[in-house]
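S.K.: If it helps, the file is called run.cif and holds mmCIF, C-alpha atoms and all ligand atoms:
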```
data_coords
loop_
_atom_site.label_atom_id
_atom_site.label_comp_id
_atom_site.auth_asym_id
_atom_site.auth_seq_id
_atom_site.Cartn_x
_atom_site.Cartn_y
_atom_site.Cartn_z
CA VAL A 271 -7.04 2.99 -27.33
CA GLN A 272 -4.03 1.65 -29.10
CA ALA A 273 -2.59 -1.51 -27.59
CA LYS A 274 1.16 -1.34 -27.19
CA ASN A 275 3.32 -4.17 -28.32
CA ARG A 276 5.23 -5.33 -25.27
CA PRO A 277 5.71 -8.58 -23.42
CA PHE A 278 2.79 -7.76 -21.14
CA GLU A 279 0.39 -6.62 -23.82
CA ARG A 280 -2.24 -4.23 -22.55
CA SER A 281 -3.99 -1.01 -23.34
CA PHE A 282 -2.24 1.05 -20.68
CA ASP A 283 0.88 0.73 -18.65
CA LEU A 284 -0.10 1.53 -15.10
CA LEU A 285 2.59 3.54 -13.35
CA CYS A 286 0.29 4.29 -10.43
CA PRO A 287 0.61 2.59 -7.05
CA GLY A 288 -2.45 0.41 -7.56
CA PRO A 289 -3.93 -0.70 -9.82
CA VAL A 290 -0.71 -2.10 -11.20
CA ASN A 291 0.35 -3.93 -14.35
CA VAL A 292 -0.69 -7.48 -13.50
CA HIS A 293 1.65 -10.22 -14.69
CA PRO A 294 0.00 -12.58 -17.24
CA GLN A 295 0.59 -15.58 -14.95
CA ILE A 296 -1.45 -13.83 -12.26
CA ALA A 297 -4.11 -12.85 -14.78
CA SER A 298 -4.49 -16.45 -15.91
CA ALA A 299 -4.74 -17.69 -12.32
CA LEU A 300 -7.95 -15.67 -11.98
CA THR A 301 -9.91 -18.23 -13.99
CA SER A 302 -7.61 -21.21 -13.47
CA PHE A 303 -9.88 -23.39 -11.39
CA GLU A 304 -13.61 -23.78 -10.81
CA PHE A 305 -14.91 -25.11 -7.52
CA GLY A 306 -17.64 -24.53 -5.00
CA HIS A 307 -16.53 -21.99 -2.46
CA ARG A 308 -17.89 -24.05 0.41
CA GLU A 309 -15.99 -27.15 -0.64
CA GLU A 310 -12.76 -28.44 0.81
CA GLU A 311 -10.84 -26.83 -2.07
CA LEU A 312 -11.45 -23.42 -0.50
CA SER A 313 -9.82 -24.63 2.70
CA TRP A 314 -6.79 -25.84 0.76
CA LEU A 315 -6.55 -22.53 -1.05
CA LEU A 316 -6.97 -20.46 2.14
CA ASP A 317 -4.40 -22.53 3.96
CA ASP A 318 -1.90 -22.28 1.12
CA MET A 319 -2.50 -18.55 0.67
CA ARG A 320 -2.07 -17.88 4.36
CA ARG A 321 1.17 -19.83 4.49
CA ASN A 322 2.51 -18.04 1.42
CA PHE A 323 1.48 -14.67 2.81
CA LEU A 324 3.19 -15.29 6.16
CA ALA A 325 6.33 -16.44 4.34
CA VAL A 326 6.39 -13.18 2.36
CA ALA A 327 5.81 -11.29 5.63
CA GLY A 328 8.78 -13.09 7.15
CA VAL A 329 7.04 -13.96 10.40
CA ASP A 330 6.86 -17.16 12.42
CA SER A 331 3.78 -18.96 11.08
CA ASP A 332 3.13 -20.66 14.43
CA ARG A 333 2.77 -17.35 16.25
CA TYR A 334 1.20 -15.25 13.49
CA THR A 335 -1.70 -15.64 11.12
CA ALA A 336 -3.56 -13.57 8.56
CA VAL A 337 -7.19 -13.18 7.54
CA PHE A 338 -8.48 -12.26 4.09
CA LEU A 339 -11.45 -9.91 3.71
CA THR A 340 -13.27 -8.96 0.54
CA GLY A 341 -12.67 -5.24 0.09
CA SER A 342 -9.99 -2.68 -0.68
CA GLY A 343 -7.20 -1.68 1.68
CA THR A 344 -9.44 0.68 3.61
CA SER A 345 -11.63 -2.20 4.73
CA ALA A 346 -8.60 -3.83 6.36
CA ASN A 347 -7.82 -0.56 8.16
CA GLU A 348 -11.43 -0.05 9.20
CA SER A 349 -11.76 -3.63 10.45
CA VAL A 350 -8.79 -3.12 12.76
CA LEU A 351 -9.78 0.36 13.98
CA ALA A 352 -13.37 -0.77 14.59
CA THR A 353 -12.91 -4.22 16.06
CA ALA A 354 -9.37 -4.52 17.40
CA VAL A 355 -9.66 -1.31 19.40
CA ALA A 356 -12.04 -1.13 22.37
CA GLU A 357 -14.45 1.81 22.54
CA ASP A 358 -12.81 3.36 25.60
CA ASP A 359 -9.24 2.86 24.40
CA THR A 360 -7.04 5.85 23.72
CA VAL A 361 -5.72 5.75 20.15
CA LEU A 362 -2.67 7.69 19.05
CA VAL A 363 -2.49 8.24 15.29
CA ILE A 364 0.80 9.52 13.90
CA HIS A 365 0.41 11.04 10.46
CA ASN A 366 2.38 12.88 7.79
CA GLY A 367 0.23 12.61 4.68
CA GLU A 368 -3.09 11.69 3.12
CA PHE A 369 -3.23 8.06 4.23
CA GLY A 370 -2.23 8.73 7.83
CA GLU A 371 -4.89 11.44 7.99
CA ARG A 372 -7.43 8.93 6.70
CA LEU A 373 -6.52 6.57 9.56
CA ALA A 374 -7.24 9.39 12.01
CA ARG A 375 -10.62 10.05 10.33
CA ILE A 376 -11.62 6.37 10.51
CA SER A 377 -10.43 6.06 14.09
CA ARG A 378 -12.50 9.07 15.19
CA ILE A 379 -15.68 7.38 13.92
CA TYR A 380 -15.14 4.40 16.22
CA ASN A 381 -12.96 5.74 18.99
CA GLU A 382 -13.83 8.92 20.81
CA ARG A 383 -10.40 9.13 22.37
CA THR A 384 -8.33 9.54 19.24
CA VAL A 385 -5.33 11.84 19.56
CA CYS A 386 -2.91 12.70 16.77
CA VAL A 387 0.72 13.56 16.32
CA ARG A 388 0.31 15.65 13.20
CA HIS A 389 3.08 16.41 10.70
CA ASP A 390 3.06 18.25 7.41
CA TRP A 391 2.92 16.11 4.29
CA GLY A 392 6.38 14.90 3.49
CA GLU A 393 7.76 15.80 6.92
CA ARG A 394 9.75 13.13 8.75
CA ILE A 395 8.04 11.59 11.78
CA ASP A 396 9.43 13.30 14.86
CA LEU A 397 10.16 10.53 17.38
CA GLU A 398 10.53 13.01 20.22
CA ARG A 399 7.01 14.28 19.66
CA VAL A 400 5.77 10.69 19.52
CA ALA A 401 7.49 9.86 22.82
CA GLU A 402 6.05 13.04 24.34
CA ALA A 403 2.51 12.14 23.24
CA LEU A 404 2.97 8.64 24.63
CA SER A 405 3.93 9.97 28.04
CA GLN A 406 1.19 12.64 28.02
CA HIS A 407 -1.72 10.33 27.22
CA ASP A 408 -2.48 6.89 28.54
CA VAL A 409 -2.26 5.36 25.06
CA ASP A 410 -3.67 1.89 24.38
CA VAL A 411 -3.09 1.72 20.64
CA VAL A 412 -0.59 3.45 18.35
CA VAL A 413 -1.50 3.69 14.66
CA MET A 414 0.62 4.73 11.68
CA VAL A 415 1.32 4.23 7.98
CA HIS A 416 4.51 2.46 6.90
CA HIS A 417 4.80 3.86 3.37
CA GLU A 418 2.93 7.16 3.11
CA THR A 419 1.77 6.71 -0.48
CA SER A 420 0.82 10.37 -0.94
CA THR A 421 4.49 11.40 -0.87
CA GLY A 422 6.67 8.28 -1.10
CA MET A 423 7.99 8.71 2.40
CA LEU A 424 8.93 5.65 4.41
CA ASN A 425 8.07 6.04 8.08
CA PRO A 426 10.12 4.71 11.04
CA VAL A 427 7.89 1.80 12.03
CA GLU A 428 10.50 -0.07 14.04
CA GLU A 429 11.42 2.97 16.13
CA VAL A 430 7.78 3.87 16.84
CA GLY A 431 7.01 0.21 17.54
CA ARG A 432 9.73 0.16 20.18
CA LEU A 433 8.30 3.29 21.85
CA ALA A 434 4.78 1.81 21.80
CA HIS A 435 6.04 -1.48 23.20
CA GLU A 436 7.85 0.27 26.05
CA LYS A 437 4.55 1.89 27.02
CA GLY A 438 2.64 -1.38 26.75
CA ALA A 439 0.55 -0.07 23.83
CA ARG A 440 -0.59 -2.19 20.91
CA PHE A 441 0.70 -1.17 17.50
CA VAL A 442 -1.28 -1.03 14.25
CA VAL A 443 0.57 -0.50 10.97
CA ASP A 444 -0.97 0.35 7.61
CA ALA A 445 1.37 -1.35 5.15
CA VAL A 446 -1.23 -1.29 2.39
CA SER A 447 1.14 0.04 -0.26
CA SER A 448 4.50 -1.17 1.06
CA PHE A 449 3.94 -4.78 1.99
CA SER A 450 6.37 -7.03 0.07
CA ALA A 451 8.22 -4.05 -1.44
CA ASP A 452 9.79 -2.17 1.47
CA THR A 453 11.68 -3.91 4.24
CA LEU A 454 9.84 -4.24 7.51
CA ASP A 455 10.71 -6.57 10.37
CA ILE A 456 7.21 -7.11 11.73
CA GLU A 457 8.26 -9.01 14.85
CA ARG A 458 11.08 -6.65 15.78
CA ALA A 459 8.72 -3.69 15.33
CA HIS A 460 6.29 -5.27 17.84
CA VAL A 461 3.42 -4.95 15.34
CA THR A 462 0.09 -6.12 16.75
CA PHE A 463 -1.89 -5.85 13.51
CA LEU A 464 -0.65 -5.04 10.02
CA THR A 465 -2.89 -4.32 7.07
CA THR A 466 -2.33 -4.65 3.36
CA SER A 467 -4.20 -5.36 0.14
CA SER A 468 -3.95 -7.55 -2.93
CA GLY A 469 -3.68 -4.84 -5.56
CA LYS A 470 -0.63 -2.79 -4.66
CA ALA A 471 2.95 -4.02 -4.19
CA ILE A 472 1.84 -7.65 -4.04
CA GLY A 473 0.95 -7.09 -7.69
CA SER A 474 -2.42 -8.78 -8.04
CA TYR A 475 -5.90 -7.36 -8.63
CA PRO A 476 -7.54 -5.05 -6.10
CA GLY A 477 -10.39 -6.46 -4.00
CA LEU A 478 -8.84 -8.40 -1.13
CA ALA A 479 -7.83 -6.83 2.15
CA ILE A 480 -5.47 -8.64 4.48
CA VAL A 481 -4.92 -8.30 8.22
CA LEU A 482 -1.90 -9.96 9.81
CA GLY A 483 -1.56 -10.40 13.57
CA SER A 484 -0.38 -12.81 16.21
CA HIS A 485 -2.73 -15.60 17.29
CA ASP A 486 -2.68 -14.02 20.75
CA ALA A 487 -3.83 -10.68 19.35
CA PHE A 488 -6.64 -12.25 17.34
CA ARG A 489 -7.75 -14.45 20.26
CA ARG A 490 -8.05 -11.45 22.56
CA LEU A 491 -10.72 -10.02 20.24
CA GLY A 492 -13.04 -12.88 21.16
CA SER A 493 -13.97 -11.34 24.51
CA ARG A 494 -15.25 -8.08 22.96
CA SER A 495 -18.76 -7.37 21.82
CA PRO A 496 -18.59 -6.65 18.08
CA ARG A 497 -19.11 -3.07 16.89
CA CYS A 498 -19.79 -4.07 13.32
CA HIS A 499 -20.58 -7.29 11.56
CA TYR A 500 -19.01 -7.62 8.13
CA LEU A 501 -15.66 -6.20 9.19
CA ASP A 502 -15.55 -8.00 12.53
CA LEU A 503 -12.00 -9.34 12.51
CA TYR A 504 -12.74 -11.99 15.07
CA ARG A 505 -15.32 -13.67 12.83
CA TYR A 506 -12.71 -14.05 10.12
CA TYR A 507 -10.26 -15.47 12.62
CA GLU A 508 -12.81 -17.88 14.09
CA PHE A 509 -13.91 -19.20 10.71
CA ALA A 510 -10.31 -19.62 9.61
CA GLU A 511 -9.28 -21.38 12.80
CA ASN A 512 -12.31 -23.61 13.21
CA ASN A 513 -12.82 -24.86 9.69
CA VAL A 514 -10.47 -22.93 7.37
CA GLN A 515 -13.33 -21.02 5.77
CA THR A 516 -14.46 -17.42 5.42
CA PRO A 517 -17.58 -16.14 7.23
CA ASN A 518 -19.15 -14.84 4.00
CA THR A 519 -18.87 -15.53 0.28
CA PRO A 520 -15.16 -15.43 -0.56
CA ALA A 521 -13.94 -13.65 -3.72
CA LEU A 522 -12.56 -16.89 -5.05
CA PRO A 523 -11.05 -15.70 -8.36
CA LEU A 524 -9.24 -12.89 -6.53
CA MET A 525 -7.86 -15.40 -4.05
CA LEU A 526 -6.55 -17.58 -6.88
CA ALA A 527 -4.82 -14.56 -8.39
CA LEU A 528 -3.47 -13.34 -5.05
CA ASN A 529 -2.09 -16.77 -4.23
CA ARG A 530 -0.33 -16.93 -7.61
CA SER A 531 1.29 -13.54 -7.02
CA LEU A 532 2.47 -14.66 -3.57
CA GLU A 533 3.95 -17.80 -5.13
CA MET A 534 5.77 -15.67 -7.69
CA ILE A 535 7.15 -13.40 -4.95
CA LEU A 536 8.44 -16.43 -3.04
CA ALA A 537 9.91 -17.93 -6.21
CA GLU A 538 11.92 -14.76 -6.80
CA GLY A 539 12.87 -14.66 -3.12
CA MET A 540 12.37 -11.64 -0.89
CA PRO A 541 15.99 -10.40 -0.82
CA ALA A 542 16.24 -10.48 -4.63
CA ARG A 543 12.84 -8.86 -4.95
CA LEU A 544 13.59 -6.03 -2.52
CA GLU A 545 16.85 -5.36 -4.31
CA ARG A 546 15.17 -5.36 -7.76
CA LEU A 547 12.46 -2.95 -6.62
CA ALA A 548 15.02 -0.64 -4.98
CA ARG A 549 16.96 -0.65 -8.28
CA LEU A 550 13.84 0.26 -10.27
CA ALA A 551 13.05 3.15 -7.92
CA ALA A 552 16.66 4.36 -8.11
CA HIS A 553 16.42 4.21 -11.90
CA VAL A 554 13.34 6.45 -11.83
CA ARG A 555 15.16 8.98 -9.64
CA ARG A 556 18.15 8.93 -11.99
CA ARG A 557 15.92 9.52 -15.02
CA ALA A 558 14.15 12.33 -13.17
CA ARG A 559 17.53 13.95 -12.53
CA ASP A 560 18.46 13.51 -16.21
CA HIS A 561 15.39 15.60 -17.03
CA ASP A 562 16.20 18.22 -14.36
CA LEU A 563 13.16 17.21 -12.35
CA GLU A 564 13.05 17.50 -8.58
CA VAL A 565 11.86 14.60 -6.43
CA VAL A 566 9.74 15.19 -3.32
CA VAL A 567 11.56 12.84 -0.93
CA LYS A 568 15.19 13.84 -1.33
CA SER A 569 16.92 11.46 1.08
CA GLU A 570 16.70 7.98 2.54
CA PRO A 571 14.63 6.36 3.88
CA ARG A 572 12.21 6.44 0.97
CA SER A 573 10.03 3.83 -0.56
CA SER A 574 10.77 1.45 -3.42
CA VAL A 575 7.11 1.58 -4.37
CA LEU A 576 6.97 4.96 -6.06
CA THR A 577 8.76 8.23 -6.68
CA SER A 578 6.94 11.55 -6.38
CA ILE A 579 8.30 14.10 -8.85
CA LEU A 580 7.53 17.83 -8.94
CA LEU A 581 6.00 18.99 -12.21
CA PRO A 582 7.78 22.06 -13.68
CA ASP A 583 5.78 25.20 -12.85
CA ASP A 584 5.06 26.08 -16.46
CA LEU A 585 3.22 22.81 -17.19
CA PRO A 586 -0.45 22.21 -16.37
CA PHE A 587 -0.92 18.84 -14.68
CA GLU A 588 -4.16 17.81 -16.37
CA GLN A 589 -2.81 18.36 -19.90
CA PHE A 590 0.36 16.51 -18.93
CA ARG A 591 -1.63 13.57 -17.60
CA GLN A 592 -3.88 13.38 -20.67
CA ALA A 593 -0.94 13.54 -23.06
CA LEU A 594 0.78 10.68 -21.22
CA ARG A 595 -2.39 8.64 -21.49
CA GLU A 596 -2.24 9.10 -25.23
CA HIS A 597 1.24 7.58 -25.04
CA GLY A 598 -0.26 4.63 -23.13
CA PHE A 599 0.84 5.56 -19.61
CA VAL A 600 -1.36 6.09 -16.57
CA ILE A 601 0.10 8.15 -13.74
CA TYR A 602 -1.40 9.76 -10.66
CA GLY A 603 -0.93 13.33 -9.52
CA GLY A 604 -0.60 14.77 -6.06
CA LYS A 605 -3.21 15.45 -3.42
CA GLY A 606 -3.46 18.06 -0.67
CA PRO A 607 -0.51 20.48 -0.80
CA TYR A 608 0.79 18.68 -3.90
CA GLU A 609 -2.42 19.01 -5.92
CA ASP A 610 -1.50 19.76 -9.58
CA ARG A 611 2.14 20.18 -8.55
CA MET A 612 3.53 16.68 -8.82
CA PHE A 613 3.15 13.27 -10.40
CA GLN A 614 4.07 9.83 -9.17
CA VAL A 615 5.94 7.08 -10.97
CA SER A 616 5.24 3.78 -9.32
CA THR A 617 7.39 0.73 -10.07
CA ILE A 618 5.44 -2.12 -8.53
CA GLY A 619 3.70 -4.80 -10.60
CA ALA A 620 4.97 -6.09 -13.95
CA ILE A 621 7.35 -3.22 -14.76
CA ASP A 622 10.95 -3.33 -15.96
CA ILE A 623 13.75 -0.85 -16.67
CA GLY A 624 12.85 -0.74 -20.38
CA LEU A 625 9.33 0.38 -19.57
CA ILE A 626 10.63 3.13 -17.28
CA ASP A 627 12.89 4.36 -20.08
CA ASP A 628 9.93 4.31 -22.50
CA PHE A 629 7.98 6.35 -19.98
CA PHE A 630 10.66 9.03 -19.71
CA THR A 631 10.95 9.18 -23.51
CA ALA A 632 7.20 9.78 -23.64
CA LEU A 633 7.54 12.37 -20.86
CA ALA A 634 10.18 14.29 -22.84
CA ASP A 635 7.90 14.25 -25.92
CA VAL A 636 4.99 15.50 -23.85
CA PHE A 637 7.02 18.30 -22.21
CA PHE A 638 8.23 19.39 -25.64
CA ALA A 639 4.76 19.31 -27.21
CA LEU A 640 3.10 21.18 -24.31
CA ARG A 641 5.77 23.91 -24.34
CA ARG A 642 5.62 24.29 -28.11
CA ALA A 643 1.82 24.67 -27.89
CA GLN A 644 2.25 27.31 -25.15
CA ARG A 645 4.73 29.26 -27.27
CA ALA A 646 2.40 29.06 -30.28
CA ARG A 647 -0.47 30.40 -28.17
CA ARG A 648 1.68 33.21 -26.80
CA SER A 649 2.88 34.34 -30.23
CA ALA A 650 -0.72 34.17 -31.55
CA VAL A 651 -1.73 36.56 -28.75
CA ALA A 652 1.24 38.88 -29.33
C1 LIG A 701 -4.05 2.64 -1.07
C2 LIG A 701 -3.85 2.82 0.37
C3 LIG A 701 -4.87 2.58 1.31
C4 LIG A 701 -6.23 2.07 1.02
O1 LIG A 701 -6.77 2.39 -0.18
P1 LIG A 701 -7.94 1.55 -0.87
O2 LIG A 701 -8.33 2.47 -1.97
O3 LIG A 701 -9.02 1.32 0.09
O4 LIG A 701 -7.34 0.27 -1.35
C5 LIG A 701 -4.57 2.76 2.64
N1 LIG A 701 -3.36 3.14 3.04
C6 LIG A 701 -2.35 3.34 2.17
C7 LIG A 701 -1.01 3.72 2.70
C8 LIG A 701 -2.56 3.20 0.81
O5 LIG A 701 -1.56 3.41 -0.05
#
```
Show me this structure written as structure tokens.

M.R.:
Amino acid sequence: VQAKNRPFERSFDLLCPGPVNVHPQIASALTSFEFGHREEELSWLLDDMRRNFLAVAGVDSDRYTAVFLTGSGTSANESVLATAVAEDDTVLVIHNGEFGERLARISRIYNERTVCVRHDWGERIDLERVAEALSQHDVDVVVMVHHETSTGMLNPVEEVGRLAHEKGARFVVDAVSSFSADTLDIERAHVTFLTTSSGKAIGSYPGLAIVLGSHDAFRRLGSRSPRCHYLDLYRYYEFAENNVQTPNTPALPLMLALNRSLEMILAEGMPARLERLARLAAHVRRRARDHDLEVVVKSEPRSSVLTSILLPDDLPFEQFRQALREHGFVIYGGKGPYEDRMFQVSTIGAIDIGLIDDFFTALADVFFALRRAQRARRSAVA
């Protein structure tokens, strides 16, 4: 693998929505400090990280808190669906893509009464159908994805949150890929629990899962009998509240890196950051148009995290992906109905406009080379 000469020197540029290009300052934080993870330094780190996280979330740090689990984003979702939802609760999952469907699958394991408002992938959430489902069923918990990563669609969390709140239902939001990149007013949306992870828009390494909720919401979990041990949210809350510790061995290096990335986000400032990420995503869409490529989500609201682009029909996805790898770029393709039909260009992590332009130059080279090879094969046959 040929290392490319750029400010963030690495073997590959990761244009996928996690893992992401990690900034060198975050990389160096990983090994910045050695200490025993049951010493007071862990408490300082946890306290600092929690405060930074809540500041990025834009919530009142007296009312809200966050717990940090070792695991990927799914473990945050599973911890909420298994331990913040009582067995006999009715759960309404609203989905319009791969990650929403996964929430429904996880919920069904723990909660017999799981009902869904199903949409096609890439279809806008229909608020009328949501309201209808809420009045049909006696719903205790509403669950949905903020940024549906499988398409790039941004879902109407605030509107659904208002509907859930009117019905007295709790509201769980999977913001695993969107947190810190797409605007979300957590308090106004009446979010009970929000999940995210260290390795997506936050821009650090994968391996930490985060659950944000109000103190009231966490405290209420204390009266339930746990349905699992490691992912029991209340244990994390209790340990954090009582002695600012984690119940099990914390992934210390990942916490150091995560905290550095949160500090960098706060140093840039959320408004400037949101604007920069929106500009990068708009730049990708402009470049796609320059190359006559069609994007999947054609109108606002759409995410600043990634752009899904349809692959021209004459080009085989796997060859396209491999050829881009040879140019040093890693991209992901589509799943479900978009399998082999699209690719995604994600612009979170250490990515700038110049890198996006380099990517589209490589893409043009790859298109040209693949089509020339196809023509050569055809004329050899003829
Ligand atoms: C990535 C992602 C997840 C969780 O994925 P992990 O592989 O467990 O980190 C969940 N929801 C959404 C919306 C995601 O983008």

S.K.: Calculated over only C-alpha atoms and all ligand atoms, which of the candidates A:Leu482, A:Ala521, A:Leu424, A:Leu544 has the smallest distance to ligand LIG 701 (chain A)?

M.R.: A:Leu424

S.K.: Smallest atom-to-atom distance to A:Arg432: which of A:Val290, A:Ile456, A:Ala650, A:Ala451, using only C-alpha atoms?

M.R.: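 Checking each of A:Val290, A:Ile456, A:Ala650, A:Ala451 against A:Arg432, counting only C-alpha atoms, the winner is A:Ile456.
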
S.K.: Between A:Arg497, A:Arg490, A:His416, A:Arg642, which residue has the minimum interatomic distance to A:Leu464, considering all atoms listed in the file?

M.R.: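 Smallest separation from A:Leu464 among the options: A:His416.
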
S.K.: Check every protein, DNA and RNA residue against ligand LIG 701 (chain A), keep those with an atom at most 9 Å away (counting all atoms listed in the file), and present them as a PyMOL selection string.

M.R.: chain A and resi 287-288+341-347+368-370+372-373+415-420+444-448+465-470+476-479

S.K.: Determine the nearest neighbour of A:Asp622 from the options A:Arg546, A:Arg394, A:Arg375, A:Arg320, counting all atoms listed in the file.

M.R.: A:Arg546

S.K.: Which residue is closest to A:Asp318? Choose from A:Leu528, A:Ala652, A:Leu633, A:Ala552 and count all atoms listed in the file.

M.R.: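 Result for the nearest residue to A:Asp318: A:Leu528.
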
S.K.: Excluding A:Ala356 and any residue of its chain fewer than 3 positions from it, enumerate the residues within 10 Å of it, using all atoms listed in the file, and give them as a PyMOL selection string.

M.R.: chain A and resi 351-353+359-361+380-381+410-411+491+494-497

S.K.: For the atom pair atom CA of A:Asn513 and atom CA of A:Gln295, what is the interatomic distance in Å to one decimal place?

M.R.: 29.5 Å

S.K.: I need the residue nearest A:Val566 from this list: A:Ser474, A:Ile480, A:Asp584, A:Glu393. Use all atoms listed in the file for the distance.

M.R.: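 Selected residue with least distance to A:Val566: A:Glu393.
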
S.K.: Tell me which protein, DNA and RNA residues are within 9 Å of A:Met414, counting all atoms listed in the file, leaving out same-chain ones fewer than 6 positions away, and put them as an mmCIF file with C-alpha atoms, keeping the file's coordinate frame.

M.R.:
```
data_model
loop_
_atom_site.group_PDB
_atom_site.id
_atom_site.type_symbol
_atom_site.label_atom_id
_atom_site.label_comp_id
_atom_site.auth_asym_id
_atom_site.auth_seq_id
_atom_site.Cartn_x
_atom_site.Cartn_y
_atom_site.Cartn_z
ATOM 1 C CA LEU A 362 -2.670 7.690 19.050
ATOM 2 C CA VAL A 363 -2.490 8.240 15.290
ATOM 3 C CA ILE A 364 0.800 9.520 13.900
ATOM 4 C CA HIS A 365 0.410 11.040 10.460
ATOM 5 C CA GLY A 370 -2.230 8.730 7.830
ATOM 6 C CA LEU A 373 -6.520 6.570 9.560
ATOM 7 C CA ASN A 425 8.070 6.040 8.080
ATOM 8 C CA VAL A 427 7.890 1.800 12.030
ATOM 9 C CA VAL A 430 7.780 3.870 16.840
ATOM 10 C CA PHE A 441 0.700 -1.170 17.500
ATOM 11 C CA VAL A 442 -1.280 -1.030 14.250
ATOM 12 C CA VAL A 443 0.570 -0.500 10.970
ATOM 13 C CA ASP A 444 -0.970 0.350 7.610
ATOM 14 C CA ALA A 445 1.370 -1.350 5.150
#
```

S.K.: So how far away is atom CA of A:Met525 from atom CA of A:Gly619, in Å?

M.R.: 17.0 Å

S.K.: May I ask for the distance between atom CA of A:Ala459 and atom CA of A:Val326, given in Å to one decimal place?

M.R.: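 Between these atoms lies a distance of 16.2 Å.
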
S.K.: Please provide as JSON, numbers by chain all residues within 12 Å of stretch 530-539 of chain A, with the sequence filter that same-chain residues fewer than 5 positions apart are discarded (counting only C-alpha atoms).

M.R.: {"A": [292, 293, 294, 295, 296, 297, 298, 299, 300, 301, 302, 315, 318, 319, 320, 321, 322, 323, 324, 325, 326, 327, 328, 449, 450, 451, 468, 469, 470, 471, 472, 473, 474, 475, 523, 524, 525, 544, 545, 546, 547, 618, 619, 620]}

S.K.: If we count all atoms listed in the file and set the cut-off at 10 Å, which residues sit around A:Phe629, ignoring sequence neighbours fewer than 6 positions away in its own chain? Please answer as a list of chain:residue names.

M.R.: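 Contacts, in chain order: A:Asp283, A:Leu285, A:Val554, A:Arg557, A:Leu594, A:His597, A:Gly598, A:Phe599, A:Val600, A:Val615, A:Ile623, A:Asp635.
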
S.K.: Which residues come within 10 Å of A:Arg555, counting only C-alpha atoms, excluding same-chain residues fewer than 2 positions away, as number ranges by chain?

M.R.: A: 549-553, 557-561, 563-565, 568, 576-579, 615

S.K.: Using all atoms listed in the file - which residues lie no farther than 12 Å from the point (6.7, 17.5, 11.6) in the file's frame? Write them as an MDAnalysis selection string.

M.R.: chainID A and resid 364:367 386:400
